[in-house]
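Pasted below: data-v8.cif, mmCIF, C-alpha atoms and all ligand atoms.
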```
data_structure
#
loop_
_atom_site.group_PDB
_atom_site.id
_atom_site.type_symbol
_atom_site.label_atom_id
_atom_site.label_comp_id
_atom_site.auth_asym_id
_atom_site.auth_seq_id
_atom_site.Cartn_x
_atom_site.Cartn_y
_atom_site.Cartn_z
ATOM 1 C CA MET A 89 113.017 103.776 85.863
ATOM 2 C CA HIS A 90 114.210 102.031 89.011
ATOM 3 C CA GLU A 91 112.926 98.630 87.844
ATOM 4 C CA LEU A 92 114.970 98.742 84.635
ATOM 5 C CA GLY A 93 118.159 99.139 86.672
ATOM 6 C CA LEU A 94 117.199 96.192 88.866
ATOM 7 C CA LEU A 95 116.464 94.043 85.834
ATOM 8 C CA THR A 96 119.769 94.974 84.209
ATOM 9 C CA GLY A 97 121.387 93.501 87.311
ATOM 10 C CA VAL A 98 119.200 90.407 87.053
ATOM 11 C CA VAL A 99 120.111 89.920 83.381
ATOM 12 C CA GLY A 100 123.792 90.200 84.280
ATOM 13 C CA ALA A 101 123.476 87.566 87.012
ATOM 14 C CA VAL A 102 121.447 85.260 84.769
ATOM 15 C CA ALA A 103 123.970 85.633 81.937
ATOM 16 C CA GLY A 104 126.678 84.428 84.298
ATOM 17 C CA ALA A 105 124.596 81.398 85.290
ATOM 18 C CA ALA A 106 123.573 80.595 81.714
ATOM 19 C CA GLY A 107 127.134 80.630 80.416
ATOM 20 C CA GLY A 108 126.203 81.536 76.854
ATOM 21 C CA ARG A 109 123.163 79.251 76.650
ATOM 22 C CA GLU A 110 119.727 80.593 75.760
ATOM 23 C CA VAL A 111 117.395 81.401 78.646
ATOM 24 C CA ALA A 112 113.726 80.358 78.326
ATOM 25 C CA ALA A 113 112.401 81.969 81.508
ATOM 26 C CA VAL A 114 113.511 83.765 84.646
ATOM 27 C CA GLY A 115 111.694 83.601 87.982
ATOM 28 C CA LEU A 116 111.938 86.444 90.479
ATOM 29 C CA ARG A 117 110.798 86.628 94.099
ATOM 30 C CA VAL A 118 109.626 90.102 95.042
ATOM 31 C CA GLY A 119 108.494 91.125 98.503
ATOM 32 C CA ALA A 120 105.487 93.376 99.061
ATOM 33 C CA ARG A 121 107.721 95.882 100.894
ATOM 34 C CA SER A 122 110.629 95.817 98.455
ATOM 35 C CA GLY A 123 109.489 99.035 96.759
ATOM 36 C CA VAL A 124 109.418 97.262 93.402
ATOM 37 C CA VAL A 125 106.350 97.639 91.198
ATOM 38 C CA VAL A 126 105.611 94.292 89.564
ATOM 39 C CA GLU A 127 103.804 95.861 86.579
ATOM 40 C CA ALA A 128 106.869 98.036 85.968
ATOM 41 C CA LEU A 129 109.073 94.944 86.041
ATOM 42 C CA HIS A 130 107.007 93.334 83.300
ATOM 43 C CA ALA A 131 107.004 96.576 81.304
ATOM 44 C CA ALA A 132 110.786 96.992 81.571
ATOM 45 C CA TRP A 133 111.713 93.333 81.028
ATOM 46 C CA PRO A 134 111.788 93.282 77.181
ATOM 47 C CA LEU A 135 114.084 96.311 77.249
ATOM 48 C CA ALA A 136 116.398 94.870 79.909
ATOM 49 C CA ALA A 137 116.513 91.486 78.188
ATOM 50 C CA ALA A 138 117.018 92.752 74.651
ATOM 51 C CA GLY A 139 120.162 91.681 72.847
ATOM 52 C CA GLY A 140 121.396 89.269 75.521
ATOM 53 C CA CYS A 141 120.886 85.690 76.597
ATOM 54 C CA CYS A 142 117.510 86.653 78.114
ATOM 55 C CA ALA A 143 116.068 88.082 74.890
ATOM 56 C CA GLY A 144 112.647 86.528 74.365
ATOM 57 C CA ALA A 145 112.686 84.851 77.771
ATOM 58 C CA ARG A 146 109.580 84.839 79.914
ATOM 59 C CA LEU A 147 109.640 86.771 83.201
ATOM 60 C CA VAL A 148 107.758 85.121 86.063
ATOM 61 C CA VAL A 149 107.308 87.161 89.233
ATOM 62 C CA GLU A 150 106.331 85.548 92.508
ATOM 63 C CA GLU A 151 105.040 88.150 94.938
ATOM 64 C CA LEU A 152 105.707 87.530 98.616
ATOM 65 C CA GLY A 153 103.643 88.931 101.446
ATOM 66 C CA ALA A 154 105.186 90.997 104.208
ATOM 67 C CA ALA A 155 105.295 89.976 107.856
ATOM 68 C CA VAL A 156 106.460 91.582 111.081
ATOM 69 C CA TRP A 157 107.486 90.045 114.369
ATOM 70 C CA CYS A 158 105.169 91.188 117.167
ATOM 71 C CA PRO A 159 106.865 91.029 120.577
ATOM 72 C CA ALA A 160 103.507 91.414 122.355
ATOM 73 C CA CYS A 161 101.981 88.382 120.622
ATOM 74 C CA ALA A 162 105.369 86.650 120.345
ATOM 75 C CA ALA A 163 104.368 85.714 116.821
ATOM 76 C CA GLU A 164 105.049 86.571 113.201
ATOM 77 C CA ARG A 165 102.101 88.443 111.729
ATOM 78 C CA GLU A 166 101.316 88.995 108.054
ATOM 79 C CA ILE A 167 100.829 92.672 107.261
ATOM 80 C CA ASP A 168 99.111 94.335 104.372
ATOM 81 C CA GLU A 169 101.326 96.134 101.878
ATOM 82 C CA TYR A 170 100.041 99.541 102.979
ATOM 83 C CA PHE A 171 99.818 98.939 106.720
ATOM 84 C CA ALA A 172 102.039 100.855 109.071
ATOM 85 C CA LEU A 173 104.514 98.714 110.944
ATOM 86 C CA THR A 174 102.154 97.608 113.679
ATOM 87 C CA CYS A 175 100.810 94.213 114.649
ATOM 88 C CA PRO A 176 97.472 93.707 112.801
ATOM 89 C CA VAL A 177 96.174 91.577 115.690
ATOM 90 C CA CYS A 178 96.972 93.634 118.814
ATOM 91 C CA GLY A 179 98.148 96.955 117.341
ATOM 92 C CA PHE A 180 101.563 96.841 119.020
ATOM 93 C CA PRO A 181 104.050 98.962 117.037
ATOM 94 C CA THR A 182 106.924 96.969 115.623
ATOM 95 C CA ALA A 183 109.582 97.804 113.052
ATOM 96 C CA ASP A 184 110.835 94.239 113.014
ATOM 97 C CA LEU A 185 110.067 93.372 109.399
ATOM 98 C CA ARG A 186 110.732 89.662 108.949
ATOM 99 C CA ARG A 187 109.609 89.214 105.350
ATOM 100 C CA GLY A 188 108.704 91.476 102.443
ATOM 101 C CA ARG A 189 111.952 93.135 101.318
ATOM 102 C CA GLU A 190 113.026 90.332 98.992
ATOM 103 C CA PHE A 191 114.182 90.999 95.470
ATOM 104 C CA GLU A 192 115.983 87.952 94.180
ATOM 105 C CA VAL A 193 116.304 85.558 91.301
ATOM 106 C CA ALA A 194 114.375 82.428 92.327
ATOM 107 C CA TRP A 195 115.172 80.251 89.322
ATOM 108 C CA VAL A 196 116.436 80.299 85.759
ATOM 109 C CA ASP A 197 115.062 78.044 83.038
ATOM 110 C CA ILE A 198 117.831 77.419 80.530
ATOM 111 C CA ARG A 199 116.771 76.142 77.131
ATOM 112 C CA SER A 200 118.293 72.752 76.537
ATOM 113 C CA THR A 201 120.238 72.537 73.335
ATOM 114 C CA SER A 202 119.604 69.299 71.539
HETATM 115 ZN ZN ZN B 1 100.569 91.551 118.322
#
```

Is it possible to give me this structure as structure tokens?
Amino acid sequence: MHELGLLTGVVGAVAGAAGGREVAAVGLRVGARSGVVVEALHAAWPLAAAGGCCAGARLVVEELGAAVWCPACAAEREIDEYFALTCPVCGFPTADLRRGREFEVAWVDIRSTS
């Protein structure tokens, strides 16, 4: 599973940021064109998080829309996940994807020890 590998990387990065503290939740930003299946992320998360600082932490995924730059309109246009790379307004073909490939850790909620 592709998503499990991605999450293993996320857990590693979060562990570095947490520095041994317990993590309450992790927020990810995932673009519509990133090739990542959000349901698969949620399914794989308990497995990826098990036994580390992220065990029991909540996974929050923020999905981002995709957008291309249309040179004919001279504007950024939101595209549907399944659209070909063309401007949805004028139909001009463009491969200039401006948003939608993101896969990144947006935030980490570290449990405060008191
Ligand atoms: Zn256009």

Between CA of Arg187 (chain A) and CA of His130 (chain A), measure the distance and give it in Å to one decimal. 22.6 Å

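Comparing A:Gly153, A:Arg121, A:Thr96, A:Trp133 by their smallest distance to Ala172 (chain A), the closest is A:Arg121 (using only C-alpha atoms).
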
Would you tabulate, counting all atoms listed in the file, all residues of chain A that have an atom at most 8 Å from an atom of ligand ZN 1 (chain B), showing the closest pair of atoms and their distance in Å to one decimal, sorted by chain then ascending number, as a Markdown table?
```
| residue | atom | partner | partner_atom | distance |
| --- | --- | --- | --- | --- |
| A:Cys158 | CA | B:ZN1 | ZN | 4.8 |
| A:Pro159 | CA | B:ZN1 | ZN | 6.7 |
| A:Ala160 | CA | B:ZN1 | ZN | 5.0 |
| A:Cys161 | CA | B:ZN1 | ZN | 4.2 |
| A:Ala162 | CA | B:ZN1 | ZN | 7.2 |
| A:Ala163 | CA | B:ZN1 | ZN | 7.1 |
| A:Arg165 | CA | B:ZN1 | ZN | 7.4 |
| A:Thr174 | CA | B:ZN1 | ZN | 7.8 |
| A:Cys175 | CA | B:ZN1 | ZN | 4.5 |
| A:Pro176 | CA | B:ZN1 | ZN | 6.7 |
| A:Val177 | CA | B:ZN1 | ZN | 5.1 |
| A:Cys178 | CA | B:ZN1 | ZN | 4.2 |
| A:Gly179 | CA | B:ZN1 | ZN | 6.0 |
| A:Phe180 | CA | B:ZN1 | ZN | 5.4 |
```

At a cut-off of 8 Å, using only C-alpha atoms, what residues contact Gly115 (chain A)? Leave out same-chain residues fewer than 5 positions from it and give the result as a PyMOL selection string. chain A and resi 147-150+193-196

Residues of the last selection are to be written out with C-alpha atoms, as an mmCIF file, in the coordinates of the input.
```
data_model
loop_
_atom_site.group_PDB
_atom_site.id
_atom_site.type_symbol
_atom_site.label_atom_id
_atom_site.label_comp_id
_atom_site.auth_asym_id
_atom_site.auth_seq_id
_atom_site.Cartn_x
_atom_site.Cartn_y
_atom_site.Cartn_z
ATOM 1 C CA LEU A 147 109.640 86.771 83.201
ATOM 2 C CA VAL A 148 107.758 85.121 86.063
ATOM 3 C CA VAL A 149 107.308 87.161 89.233
ATOM 4 C CA GLU A 150 106.331 85.548 92.508
ATOM 5 C CA VAL A 193 116.304 85.558 91.301
ATOM 6 C CA ALA A 194 114.375 82.428 92.327
ATOM 7 C CA TRP A 195 115.172 80.251 89.322
ATOM 8 C CA VAL A 196 116.436 80.299 85.759
#
```

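Applied to the file shown here, the PyMOL selection byres (((chain A and resi 154) around 6) and not hetatm) selects Ala120, Gly153, Ala155, Glu166, Ile167, Arg187 and Gly188 of chain A.
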
Got a sec to check which residues sit within 6 Å of (107.5, 96.4, 110.2), counting only C-alpha atoms, and write them as number ranges by chain? A: 156, 173, 182-185

Chain and number of each residue from the PyMOL selection byres (((chain A and resi 102) around 10) and not hetatm), as a PDB file with C-alpha atoms, keeping the file's coordinate frame:
```pdb
ATOM      1  CA  THR A  96     119.769  94.974  84.209  1.00  0.00           C
ATOM      2  CA  GLY A  97     121.387  93.501  87.311  1.00  0.00           C
ATOM      3  CA  VAL A  98     119.200  90.407  87.053  1.00  0.00           C
ATOM      4  CA  VAL A  99     120.111  89.920  83.381  1.00  0.00           C
ATOM      5  CA  GLY A 100     123.792  90.200  84.280  1.00  0.00           C
ATOM      6  CA  ALA A 101     123.476  87.566  87.012  1.00  0.00           C
ATOM      7  CA  ALA A 103     123.970  85.633  81.937  1.00  0.00           C
ATOM      8  CA  GLY A 104     126.678  84.428  84.298  1.00  0.00           C
ATOM      9  CA  ALA A 105     124.596  81.398  85.290  1.00  0.00           C
ATOM     10  CA  ALA A 106     123.573  80.595  81.714  1.00  0.00           C
ATOM     11  CA  GLY A 107     127.134  80.630  80.416  1.00  0.00           C
ATOM     12  CA  GLY A 108     126.203  81.536  76.854  1.00  0.00           C
ATOM     13  CA  VAL A 111     117.395  81.401  78.646  1.00  0.00           C
ATOM     14  CA  VAL A 114     113.511  83.765  84.646  1.00  0.00           C
ATOM     15  CA  CYS A 141     120.886  85.690  76.597  1.00  0.00           C
ATOM     16  CA  CYS A 142     117.510  86.653  78.114  1.00  0.00           C
ATOM     17  CA  VAL A 193     116.304  85.558  91.301  1.00  0.00           C
ATOM     18  CA  TRP A 195     115.172  80.251  89.322  1.00  0.00           C
ATOM     19  CA  VAL A 196     116.436  80.299  85.759  1.00  0.00           C
ATOM     20  CA  ASP A 197     115.062  78.044  83.038  1.00  0.00           C
ATOM     21  CA  ILE A 198     117.831  77.419  80.530  1.00  0.00           C
TER      22      ILE A 198
END
```

Show which residues sit within 7 Å of Glu192 (chain A), as a PDB file with C-alpha atoms, keeping the file's coordinate frame. Count only C-alpha atoms, and ignore same-chain residues fewer than 5 positions away.
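Result saved to part.pdb:
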```pdb
ATOM      1  CA  LEU A 116     111.938  86.444  90.479  1.00  0.00           C
ATOM      2  CA  ARG A 117     110.798  86.628  94.099  1.00  0.00           C
ATOM      3  CA  VAL A 118     109.626  90.102  95.042  1.00  0.00           C
TER       4      VAL A 118
END
```

If I only have part of region 190-201 of chain A, can you fill in all heavy atoms and write it as a PDB file, in the frame of the given file?
```pdb
ATOM      1  N   GLU A 190     112.286  91.159  99.947  1.00  0.00           N
ATOM      2  CA  GLU A 190     113.026  90.332  98.992  1.00  0.00           C
ATOM      3  C   GLU A 190     112.999  90.901  97.579  1.00  0.00           C
ATOM      4  O   GLU A 190     111.990  91.410  97.116  1.00  0.00           O
ATOM      5  CB  GLU A 190     112.426  88.917  98.948  1.00  0.00           C
ATOM      6  CG  GLU A 190     112.525  88.141 100.245  1.00  0.00           C
ATOM      7  CD  GLU A 190     111.398  88.449 101.222  1.00  0.00           C
ATOM      8  OE1 GLU A 190     110.581  89.354 100.947  1.00  0.00           O
ATOM      9  OE2 GLU A 190     111.351  87.779 102.265  1.00  0.00           O
ATOM     10  N   PHE A 191     114.128  90.829  96.929  1.00  0.00           N
ATOM     11  CA  PHE A 191     114.182  90.999  95.470  1.00  0.00           C
ATOM     12  C   PHE A 191     115.310  90.092  95.023  1.00  0.00           C
ATOM     13  O   PHE A 191     116.478  90.406  95.183  1.00  0.00           O
ATOM     14  CB  PHE A 191     114.440  92.448  95.047  1.00  0.00           C
ATOM     15  CG  PHE A 191     114.448  92.589  93.544  1.00  0.00           C
ATOM     16  CD1 PHE A 191     113.267  92.723  92.845  1.00  0.00           C
ATOM     17  CD2 PHE A 191     115.638  92.528  92.827  1.00  0.00           C
ATOM     18  CE1 PHE A 191     113.263  92.801  91.457  1.00  0.00           C
ATOM     19  CE2 PHE A 191     115.636  92.603  91.429  1.00  0.00           C
ATOM     20  CZ  PHE A 191     114.442  92.745  90.755  1.00  0.00           C
ATOM     21  N   GLU A 192     114.951  88.927  94.513  1.00  0.00           N
ATOM     22  CA  GLU A 192     115.983  87.952  94.180  1.00  0.00           C
ATOM     23  C   GLU A 192     115.559  87.073  93.009  1.00  0.00           C
ATOM     24  O   GLU A 192     114.371  86.930  92.723  1.00  0.00           O
ATOM     25  CB  GLU A 192     116.287  87.080  95.412  1.00  0.00           C
ATOM     26  CG  GLU A 192     115.055  86.350  95.922  1.00  0.00           C
ATOM     27  CD  GLU A 192     115.220  85.811  97.340  1.00  0.00           C
ATOM     28  OE1 GLU A 192     116.040  86.349  98.095  1.00  0.00           O
ATOM     29  OE2 GLU A 192     114.520  84.849  97.669  1.00  0.00           O
ATOM     30  N   VAL A 193     116.565  86.515  92.368  1.00  0.00           N
ATOM     31  CA  VAL A 193     116.304  85.558  91.301  1.00  0.00           C
ATOM     32  C   VAL A 193     115.996  84.223  91.970  1.00  0.00           C
ATOM     33  O   VAL A 193     116.801  83.699  92.747  1.00  0.00           O
ATOM     34  CB  VAL A 193     117.517  85.414  90.365  1.00  0.00           C
ATOM     35  CG1 VAL A 193     117.245  84.368  89.290  1.00  0.00           C
ATOM     36  CG2 VAL A 193     117.846  86.765  89.714  1.00  0.00           C
ATOM     37  N   ALA A 194     114.790  83.687  91.711  1.00  0.00           N
ATOM     38  CA  ALA A 194     114.375  82.428  92.327  1.00  0.00           C
ATOM     39  C   ALA A 194     114.871  81.234  91.519  1.00  0.00           C
ATOM     40  O   ALA A 194     115.311  80.229  92.071  1.00  0.00           O
ATOM     41  CB  ALA A 194     112.857  82.390  92.457  1.00  0.00           C
ATOM     42  N   TRP A 195     114.766  81.356  90.201  1.00  0.00           N
ATOM     43  CA  TRP A 195     115.172  80.251  89.322  1.00  0.00           C
ATOM     44  C   TRP A 195     115.418  80.779  87.917  1.00  0.00           C
ATOM     45  O   TRP A 195     114.945  81.855  87.566  1.00  0.00           O
ATOM     46  CB  TRP A 195     114.133  79.125  89.317  1.00  0.00           C
ATOM     47  CG  TRP A 195     112.718  79.582  89.087  1.00  0.00           C
ATOM     48  CD1 TRP A 195     111.779  79.843  90.061  1.00  0.00           C
ATOM     49  CD2 TRP A 195     112.063  79.850  87.834  1.00  0.00           C
ATOM     50  NE1 TRP A 195     110.619  80.252  89.479  1.00  0.00           N
ATOM     51  CE2 TRP A 195     110.744  80.258  88.121  1.00  0.00           C
ATOM     52  CE3 TRP A 195     112.473  79.765  86.498  1.00  0.00           C
ATOM     53  CZ2 TRP A 195     109.847  80.601  87.113  1.00  0.00           C
ATOM     54  CZ3 TRP A 195     111.569  80.112  85.487  1.00  0.00           C
ATOM     55  CH2 TRP A 195     110.270  80.513  85.817  1.00  0.00           C
ATOM     56  N   VAL A 196     116.167  79.986  87.160  1.00  0.00           N
ATOM     57  CA  VAL A 196     116.436  80.299  85.759  1.00  0.00           C
ATOM     58  C   VAL A 196     116.172  79.042  84.944  1.00  0.00           C
ATOM     59  O   VAL A 196     116.664  77.966  85.297  1.00  0.00           O
ATOM     60  CB  VAL A 196     117.896  80.770  85.554  1.00  0.00           C
ATOM     61  CG1 VAL A 196     118.164  81.050  84.083  1.00  0.00           C
ATOM     62  CG2 VAL A 196     118.195  82.007  86.390  1.00  0.00           C
ATOM     63  N   ASP A 197     115.356  79.179  83.902  1.00  0.00           N
ATOM     64  CA  ASP A 197     115.062  78.044  83.038  1.00  0.00           C
ATOM     65  C   ASP A 197     115.913  78.193  81.786  1.00  0.00           C
ATOM     66  O   ASP A 197     115.668  79.060  80.954  1.00  0.00           O
ATOM     67  CB  ASP A 197     113.558  78.037  82.714  1.00  0.00           C
ATOM     68  CG  ASP A 197     113.154  76.829  81.887  1.00  0.00           C
ATOM     69  OD1 ASP A 197     114.008  75.960  81.639  1.00  0.00           O
ATOM     70  OD2 ASP A 197     111.988  76.767  81.470  1.00  0.00           O
ATOM     71  N   ILE A 198     116.923  77.350  81.672  1.00  0.00           N
ATOM     72  CA  ILE A 198     117.831  77.419  80.530  1.00  0.00           C
ATOM     73  C   ILE A 198     117.374  76.447  79.464  1.00  0.00           C
ATOM     74  O   ILE A 198     117.095  75.278  79.752  1.00  0.00           O
ATOM     75  CB  ILE A 198     119.286  77.145  80.975  1.00  0.00           C
ATOM     76  CG1 ILE A 198     119.766  78.302  81.862  1.00  0.00           C
ATOM     77  CG2 ILE A 198     120.209  76.972  79.766  1.00  0.00           C
ATOM     78  CD1 ILE A 198     121.029  78.030  82.608  1.00  0.00           C
ATOM     79  N   ARG A 199     117.244  76.957  78.254  1.00  0.00           N
ATOM     80  CA  ARG A 199     116.771  76.142  77.131  1.00  0.00           C
ATOM     81  C   ARG A 199     117.804  75.062  76.843  1.00  0.00           C
ATOM     82  O   ARG A 199     118.984  75.367  76.692  1.00  0.00           O
ATOM     83  CB  ARG A 199     116.589  77.056  75.918  1.00  0.00           C
ATOM     84  CG  ARG A 199     115.566  76.567  74.937  1.00  0.00           C
ATOM     85  CD  ARG A 199     115.080  77.699  74.056  1.00  0.00           C
ATOM     86  NE  ARG A 199     114.169  78.604  74.762  1.00  0.00           N
ATOM     87  CZ  ARG A 199     113.655  79.714  74.218  1.00  0.00           C
ATOM     88  NH1 ARG A 199     114.001  80.059  73.029  1.00  0.00           N
ATOM     89  NH2 ARG A 199     112.828  80.474  74.893  1.00  0.00           N
ATOM     90  N   SER A 200     117.351  73.840  76.807  1.00  0.00           N
ATOM     91  CA  SER A 200     118.293  72.752  76.537  1.00  0.00           C
ATOM     92  C   SER A 200     118.578  72.688  75.047  1.00  0.00           C
ATOM     93  O   SER A 200     117.670  72.764  74.222  1.00  0.00           O
ATOM     94  CB  SER A 200     117.709  71.427  77.038  1.00  0.00           C
ATOM     95  OG  SER A 200     116.431  71.224  76.494  1.00  0.00           O
ATOM     96  N   THR A 201     119.834  72.590  74.741  1.00  0.00           N
ATOM     97  CA  THR A 201     120.238  72.537  73.335  1.00  0.00           C
ATOM     98  C   THR A 201     120.342  71.081  72.933  1.00  0.00           C
ATOM     99  O   THR A 201     121.099  70.327  73.535  1.00  0.00           O
ATOM    100  CB  THR A 201     121.571  73.268  73.129  1.00  0.00           C
ATOM    101  OG1 THR A 201     122.465  72.846  74.153  1.00  0.00           O
ATOM    102  CG2 THR A 201     121.414  74.761  73.194  1.00  0.00           C
TER     103      THR A 201
END
```
